[in-house]
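Source file: coords.cif. Holds: mmCIF, C-alpha atoms.
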```
data_model
#
loop_
_atom_site.label_atom_id
_atom_site.label_comp_id
_atom_site.auth_asym_id
_atom_site.auth_seq_id
_atom_site.Cartn_x
_atom_site.Cartn_y
_atom_site.Cartn_z
CA MET S 27 -74.06 23.74 24.39
CA GLY S 28 -72.18 26.42 26.34
CA ARG S 29 -68.87 24.70 25.63
CA LEU S 30 -69.75 24.41 21.93
CA LEU S 31 -70.52 28.13 21.75
CA LEU S 32 -67.26 28.82 23.56
CA SER S 33 -65.37 26.73 21.02
CA ILE S 34 -67.00 28.54 18.12
CA ALA S 35 -66.29 31.92 19.69
CA LEU S 36 -62.65 31.04 20.12
CA LEU S 37 -62.24 29.84 16.56
CA ALA S 38 -64.18 32.83 15.31
CA GLY S 39 -61.38 34.97 16.70
CA LEU S 40 -58.87 32.75 14.94
CA SER S 41 -60.76 33.08 11.65
CA GLY S 42 -61.28 36.80 11.94
CA VAL S 43 -57.60 37.63 12.42
CA ALA S 44 -55.56 34.84 10.95
CA PHE S 45 -57.69 34.64 7.86
CA GLY S 46 -58.14 38.37 7.32
CA GLN S 47 -55.92 41.03 5.86
CA THR S 48 -52.78 40.04 7.74
CA SER S 49 -52.84 36.37 6.76
CA PRO S 50 -54.51 35.04 3.59
CA ALA S 51 -56.90 32.11 3.80
CA SER S 52 -54.67 30.19 1.45
CA GLU S 53 -52.12 29.82 4.25
CA ILE S 54 -54.51 27.63 6.20
CA ALA S 55 -56.80 26.23 3.52
CA PRO S 56 -54.94 25.87 0.23
CA ASP S 57 -57.06 25.28 -2.87
CA GLY S 58 -60.15 26.48 -1.00
CA LYS S 59 -60.38 23.27 0.99
CA LEU S 60 -60.02 22.99 4.77
CA ARG S 61 -58.89 19.52 5.84
CA VAL S 62 -59.79 18.97 9.49
CA GLY S 63 -58.25 16.08 11.41
CA MET S 64 -60.28 14.50 14.22
CA ILE S 65 -60.77 11.21 16.04
CA ALA S 66 -63.82 9.12 15.29
CA ILE S 67 -65.17 9.20 18.85
CA THR S 68 -68.73 10.48 19.15
CA VAL S 69 -68.04 13.16 21.73
CA LEU S 70 -65.03 14.51 19.80
CA GLY S 71 -66.25 14.19 16.22
CA GLY S 72 -69.75 15.21 17.21
CA VAL S 73 -68.58 18.60 18.49
CA ALA S 74 -65.48 19.06 16.33
CA GLN S 75 -67.43 18.82 13.09
CA PRO S 76 -69.74 21.83 13.64
CA VAL S 77 -66.81 23.88 14.94
CA ALA S 78 -64.83 22.93 11.82
CA GLY S 79 -67.83 23.77 9.65
CA PHE S 80 -68.07 27.23 11.18
CA ASP S 81 -64.37 27.80 10.63
CA GLY S 82 -64.62 26.67 7.02
CA GLN S 83 -67.49 29.09 6.45
CA LYS S 84 -65.43 31.98 7.80
CA LEU S 85 -62.65 30.97 5.45
CA GLY S 86 -64.91 30.52 2.46
CA ALA S 87 -63.49 27.00 2.21
CA ALA S 88 -65.13 23.61 1.87
CA VAL S 89 -64.52 21.44 4.94
CA GLU S 90 -63.07 18.00 4.35
CA PRO S 91 -63.11 15.87 7.54
CA VAL S 92 -60.06 13.66 7.98
CA MET S 93 -61.29 11.02 10.41
CA TYR S 94 -58.84 8.83 12.29
CA PRO S 95 -60.06 5.44 13.54
CA ASN S 96 -58.28 5.62 16.89
CA PRO S 97 -56.23 7.98 19.08
CA ASP S 98 -52.89 6.46 18.02
CA ALA S 99 -53.65 7.08 14.33
CA TYR S 100 -54.53 10.70 15.18
CA LEU S 101 -51.28 11.09 17.11
CA GLN S 102 -49.24 9.62 14.27
CA SER S 103 -50.80 12.02 11.75
CA PHE S 104 -48.93 15.02 13.16
CA GLY S 105 -46.14 16.20 10.89
CA LYS S 106 -47.40 14.25 7.86
CA GLY S 107 -49.33 17.06 6.15
CA GLU S 108 -52.60 15.13 6.17
CA TRP S 109 -54.72 18.01 7.53
CA ASP S 110 -54.74 21.81 7.76
CA ILE S 111 -56.13 22.02 11.28
CA ALA S 112 -56.78 19.29 13.85
CA ILE S 113 -59.29 19.26 16.68
CA GLY S 114 -58.69 16.75 19.45
CA PRO S 115 -57.18 16.04 22.87
CA ARG S 116 -54.37 18.45 23.71
CA VAL S 117 -52.32 15.59 25.16
CA LEU S 118 -52.18 13.98 21.71
CA ALA S 119 -50.77 17.08 19.96
CA PRO S 120 -46.93 16.91 20.00
CA VAL S 121 -45.56 20.34 20.85
CA ASP S 122 -42.66 19.89 18.44
CA LYS S 123 -45.02 19.31 15.51
CA ALA S 124 -47.97 21.61 16.18
CA ASP S 125 -49.08 24.87 17.77
CA SER S 126 -52.33 24.63 19.71
CA THR S 127 -55.01 27.11 20.64
CA ALA S 128 -56.14 27.58 24.20
CA ASP S 129 -58.41 24.82 25.47
CA LEU S 130 -61.68 24.84 23.54
CA TRP S 131 -63.62 22.66 25.92
CA ALA S 132 -63.19 19.98 28.57
CA ILE S 133 -64.61 16.45 28.61
CA SER S 134 -65.02 14.47 31.83
CA LEU S 135 -63.67 10.93 32.11
CA VAL S 136 -66.19 8.70 33.90
CA TYR S 137 -66.56 5.13 35.09
CA VAL S 138 -69.53 2.94 34.16
CA ALA S 139 -70.08 0.16 36.71
CA ALA S 140 -71.43 -3.22 35.60
CA PRO S 141 -74.86 -4.33 36.88
CA GLY S 142 -74.64 -5.72 40.40
CA THR S 143 -71.41 -3.94 41.28
CA GLU S 144 -71.18 -1.08 43.73
CA PHE S 145 -68.52 1.63 43.71
CA PRO S 146 -69.44 4.59 45.94
CA ASP S 147 -66.79 6.86 44.45
CA ILE S 148 -63.82 7.07 42.08
CA ALA S 149 -61.25 6.06 44.69
CA SER S 150 -63.06 2.80 45.44
CA VAL S 151 -62.44 1.50 41.91
CA ASP S 152 -58.68 1.08 42.26
CA LYS S 153 -58.69 -2.14 44.26
CA ALA S 154 -57.07 -5.54 43.77
CA GLY S 155 -59.35 -7.84 41.80
CA VAL S 156 -61.16 -5.03 39.99
CA LYS S 157 -60.95 -5.00 36.19
CA ILE S 158 -61.22 -1.62 34.46
CA GLY S 159 -62.06 -1.55 30.76
CA THR S 160 -61.00 1.35 28.56
CA ILE S 161 -60.23 2.38 24.98
CA ARG S 162 -56.72 1.45 23.91
CA GLY S 163 -54.53 4.53 23.41
CA ALA S 164 -57.26 7.03 24.33
CA PRO S 165 -56.72 9.83 26.88
CA SER S 166 -58.68 7.67 29.33
CA ASP S 167 -56.14 4.87 28.84
CA ARG S 168 -53.29 7.31 29.49
CA ALA S 169 -54.93 8.60 32.66
CA LEU S 170 -55.65 5.12 33.98
CA THR S 171 -52.18 3.83 33.14
CA ARG S 172 -50.71 6.73 35.09
CA GLU S 173 -53.02 6.59 38.12
CA ILE S 174 -54.18 3.01 38.66
CA LYS S 175 -52.04 1.07 41.15
CA ALA S 176 -53.97 -2.07 42.15
CA ALA S 177 -56.76 -2.75 39.64
CA GLU S 178 -56.22 -4.45 36.26
CA ILE S 179 -56.73 -2.46 33.04
CA VAL S 180 -58.48 -4.25 30.16
CA ARG S 181 -58.05 -2.43 26.84
CA ILE S 182 -60.28 -2.73 23.79
CA PRO S 183 -59.90 -1.04 20.38
CA LEU S 184 -61.92 1.99 19.37
CA SER S 185 -64.72 1.20 16.94
CA PRO S 186 -67.81 2.94 15.52
CA THR S 187 -69.85 0.97 18.08
CA ILE S 188 -67.59 1.66 21.07
CA ALA S 189 -70.45 2.37 23.52
CA ALA S 190 -72.03 -0.99 22.67
CA ASP S 191 -68.61 -2.67 22.88
CA ALA S 192 -68.11 -1.21 26.36
CA ALA S 193 -71.54 -2.46 27.43
CA ASP S 194 -70.74 -5.93 26.07
CA LEU S 195 -67.44 -5.99 27.99
CA LEU S 196 -69.28 -5.22 31.23
CA ARG S 197 -72.06 -7.69 30.44
CA SER S 198 -69.55 -10.47 29.82
CA GLY S 199 -67.87 -9.96 33.20
CA LYS S 200 -64.51 -9.26 31.57
CA ALA S 201 -64.56 -5.84 33.25
CA ASN S 202 -66.23 -4.55 36.41
CA VAL S 203 -66.16 -0.94 35.28
CA PHE S 204 -65.43 0.86 32.02
CA GLY S 205 -63.53 4.15 32.03
CA ALA S 206 -63.97 6.54 29.12
CA ASP S 207 -65.02 10.05 28.17
CA SER S 208 -68.60 10.97 29.02
CA GLY S 209 -69.66 10.76 25.38
CA VAL S 210 -68.96 7.02 25.52
CA GLY S 211 -69.68 6.32 29.19
CA TYR S 212 -73.25 7.58 29.37
CA PRO S 213 -74.43 5.79 26.18
CA ALA S 214 -72.74 2.60 27.45
CA ALA S 215 -74.64 2.88 30.74
CA GLU S 216 -77.91 3.40 28.87
CA ALA S 217 -77.23 0.36 26.68
CA LEU S 218 -76.82 -1.98 29.66
CA PRO S 219 -79.75 -2.27 32.09
CA GLY S 220 -78.54 -1.99 35.67
CA ALA S 221 -75.26 -0.28 34.77
CA LYS S 222 -74.49 2.92 36.70
CA ILE S 223 -72.18 5.90 36.39
CA VAL S 224 -69.81 5.98 39.35
CA PRO S 225 -70.09 9.40 41.08
CA GLY S 226 -67.35 11.83 40.10
CA ALA S 227 -64.79 11.93 37.31
CA PHE S 228 -61.38 10.28 37.24
CA GLY S 229 -59.93 12.82 34.85
CA THR S 230 -60.56 15.49 32.24
CA VAL S 231 -59.70 15.60 28.55
CA LEU S 232 -58.72 19.09 27.39
CA VAL S 233 -59.56 19.60 23.73
CA ALA S 234 -57.83 22.14 21.51
CA ALA S 235 -57.34 23.00 17.86
CA ALA S 236 -53.86 22.52 16.45
CA LEU S 237 -52.06 24.00 13.45
CA PRO S 238 -48.95 22.47 11.88
CA LYS S 239 -45.65 24.06 12.87
CA GLY S 240 -44.36 26.68 10.48
CA ARG S 241 -47.36 28.94 10.08
CA SER S 242 -46.84 32.69 9.80
CA PRO S 243 -45.80 34.86 12.78
CA THR S 244 -49.28 36.43 12.67
CA VAL S 245 -50.93 33.06 13.27
CA GLN S 246 -48.41 32.14 15.96
CA ALA S 247 -48.96 35.44 17.79
CA LEU S 248 -52.72 34.95 17.57
CA LEU S 249 -52.51 31.51 19.15
CA ALA S 250 -50.42 32.93 22.00
CA THR S 251 -53.04 35.60 22.80
CA LYS S 252 -56.12 33.35 22.71
CA GLN S 253 -56.08 32.85 26.49
CA ASN S 254 -57.41 36.36 27.07
CA ARG S 255 -60.28 35.87 24.66
CA LEU S 256 -60.98 32.43 26.11
CA ALA S 257 -61.24 33.85 29.64
CA TRP S 258 -63.70 36.50 28.42
CA CYS S 259 -65.81 33.90 26.62
CA ARG S 260 -65.83 31.61 29.65
CA LYS S 261 -67.02 34.42 31.94
CA ARG S 262 -69.75 35.38 29.50
CA SER S 263 -70.84 31.76 29.06
CA THR S 264 -70.91 31.26 32.86
CA ARG S 265 -73.00 34.38 33.40
CA ARG S 266 -75.53 33.27 30.78
CA ALA S 267 -75.72 29.77 32.28
CA SER S 268 -76.31 31.19 35.79
CA ARG S 269 -79.21 33.27 34.47
CA ALA S 270 -80.82 30.34 32.66
#
```
Show this structure as structure tokens.
Amino acid sequence: MGRLLLSIALLAGLSGVAFGQTSPASEIAPDGKLRVGMIAITVLGGVAQPVAGFDGQKLGAAVEPVMYPNPDAYLQSFGKGEWDIAIGPRVLAPVDKADSTADLWAISLVYVAAPGTEFPDIASVDKAGVKIGTIRGAPSDRALTREIKAAEIVRIPLSPTIAADAADLLRSGKANVFGADSGVGYPAAEALPGAKIVPGAFGTVLVAAALPKGRSPTVQALLATKQNRLAWCRKRSTRRASRA
């Protein structure tokens, strides 16, 4: 919840300046409609939608979600004019086609171990003979492709039932562990009796909002100064969490 509030606070700053007197709402949401691009993964869409809804309210614009079925489709959407703002993994936002805000929140990448398998920590997973399942083209796939040296990576497509698909892959023995963001990993572990989350995280997905290249200098300057506001929001969120 703290990260969600942080995201809303950050975009509130974006709405309050970029959509105020210095930059009309029509620059971002033409025709009174805010098209928001996002990936159909529970942890991303589940948080991105309320943030987008808040932003649309500040604009006085109706939010129209533009859902992409997989990370590659989201990546390929940049530069095509299919959305007005996108909310997703920073690594999937090409710098030559979009300008991104500061990081809105971070999502841990975790391993789910199949029943009967034991992995004491993240490092113990990368061994010869181990099969690691993941979502094809997702940030988890990118991280594993970059870091894994000995284990075999087994990729499956993203689907609306991805947590159940991950559990099935582990149940079938086609993978010993499944690596994904926590919004997929924990539900997958719950869906498969005996499955466990391996201690630690093998990576982090940094999520940001992105605007198409070519927005006004006011919007560009605002994006460049969001780090200061983000730091303030993080400190405030941390203080509140420590008091809770």
In Å and to one decimal, CA of Asp191 in chain S is distant from CA of Pro115 in chain S by 21.9 Å
Which of these, S:Glu108, S:Ala55, S:Ile158, S:Ile113, has the shortest distance to Ser126 in chain S once you count all atoms listed in the file?
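Nearest candidate to Ser126 in chain S out of S:Glu108, S:Ala55, S:Ile158, S:Ile113: S:Ile113.
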Pick out the residues sitting within 10 Å of Pro219 in chain S, and hand them over as a compact mmCIF listing (two decimals) with C-alpha atoms, in the coordinates of the input; count all atoms listed in the file, and ignore anything fewer than 4 positions along from it in its own chain.
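The result, written out as around.txt:
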```txt
# COMPACT_ATOMS: atom_id res chain seq x y z
CA ALA S 140 -71.43 -3.22 35.60
CA PRO S 141 -74.86 -4.33 36.88
CA ALA S 193 -71.54 -2.46 27.43
CA ARG S 197 -72.06 -7.69 30.44
CA ALA S 214 -72.74 2.60 27.45
CA ALA S 215 -74.64 2.88 30.74
```
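With distances taken over all atoms listed in the file, S:Lys157 is the one residue among S:Lys175, S:Lys157, S:Arg162, S:Arg168 lying closest to Val203 in chain S.
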Nearest to Ser150 in chain S among S:Trp131, S:Tyr137, S:Phe104, S:Phe80, with distances taken over all atoms listed in the file: which residue is it?
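Using all atoms listed in the file, the shortest distance to Ser150 in chain S belongs to S:Tyr137.
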Distance table requested - range 141-243 of chain S against range 84-102 of chain S, cut-off 8 Å, only C-alpha atoms: one row per qualifying residue with the closest atom pair and its distance in Å to one decimal, ordered by chain and rising residue number, as a Markdown table.
```
| residue | atom | partner | partner_atom | distance |
| --- | --- | --- | --- | --- |
| S:Gly163 | CA | S:Pro97 | CA | 5.8 |
| S:Ala164 | CA | S:Pro97 | CA | 5.4 |
| S:Pro183 | CA | S:Asn96 | CA | 7.7 |
| S:Leu184 | CA | S:Asn96 | CA | 5.7 |
| S:Ser185 | CA | S:Pro95 | CA | 7.2 |
```
Can you work out which one of S:Ala235, S:Ser242, S:Tyr212, S:Phe228 has the shortest atom-to-atom distance to Ala128 in chain S, counting only C-alpha atoms?
S:Ala235
Provide range 190-201 of chain S rebuilt to N, CA and C atoms, formatted as a short mmCIF file (atom, residue, chain, number, x, y, z; two decimals), in the frame of the given file.
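Saved the output as out.cif:
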```
data_model
loop_
_atom_site.label_atom_id
_atom_site.label_comp_id
_atom_site.auth_asym_id
_atom_site.auth_seq_id
_atom_site.Cartn_x
_atom_site.Cartn_y
_atom_site.Cartn_z
N ALA S 190 -71.48 0.36 22.61
CA ALA S 190 -72.03 -0.99 22.67
C ALA S 190 -70.94 -1.99 23.05
N ASP S 191 -69.73 -1.78 22.54
CA ASP S 191 -68.61 -2.67 22.88
C ASP S 191 -68.31 -2.60 24.37
N ALA S 192 -68.36 -1.38 24.93
CA ALA S 192 -68.11 -1.21 26.36
C ALA S 192 -69.19 -1.92 27.17
N ALA S 193 -70.44 -1.79 26.73
CA ALA S 193 -71.54 -2.46 27.43
C ALA S 193 -71.37 -3.97 27.37
N ASP S 194 -70.95 -4.49 26.23
CA ASP S 194 -70.74 -5.93 26.07
C ASP S 194 -69.62 -6.42 26.99
N LEU S 195 -68.56 -5.61 27.13
CA LEU S 195 -67.44 -5.99 27.99
C LEU S 195 -67.91 -6.11 29.44
N LEU S 196 -68.74 -5.17 29.87
CA LEU S 196 -69.28 -5.22 31.23
C LEU S 196 -70.26 -6.37 31.39
N ARG S 197 -71.08 -6.61 30.38
CA ARG S 197 -72.06 -7.69 30.44
C ARG S 197 -71.39 -9.06 30.53
N SER S 198 -70.25 -9.19 29.86
CA SER S 198 -69.55 -10.47 29.82
C SER S 198 -68.81 -10.79 31.12
N GLY S 199 -68.62 -9.77 31.96
CA GLY S 199 -67.87 -9.96 33.20
C GLY S 199 -66.37 -9.81 33.02
N LYS S 200 -65.93 -9.45 31.81
CA LYS S 200 -64.51 -9.26 31.57
C LYS S 200 -64.00 -7.96 32.18
N ALA S 201 -64.92 -7.08 32.55
CA ALA S 201 -64.56 -5.84 33.25
C ALA S 201 -65.65 -5.52 34.25
#
```
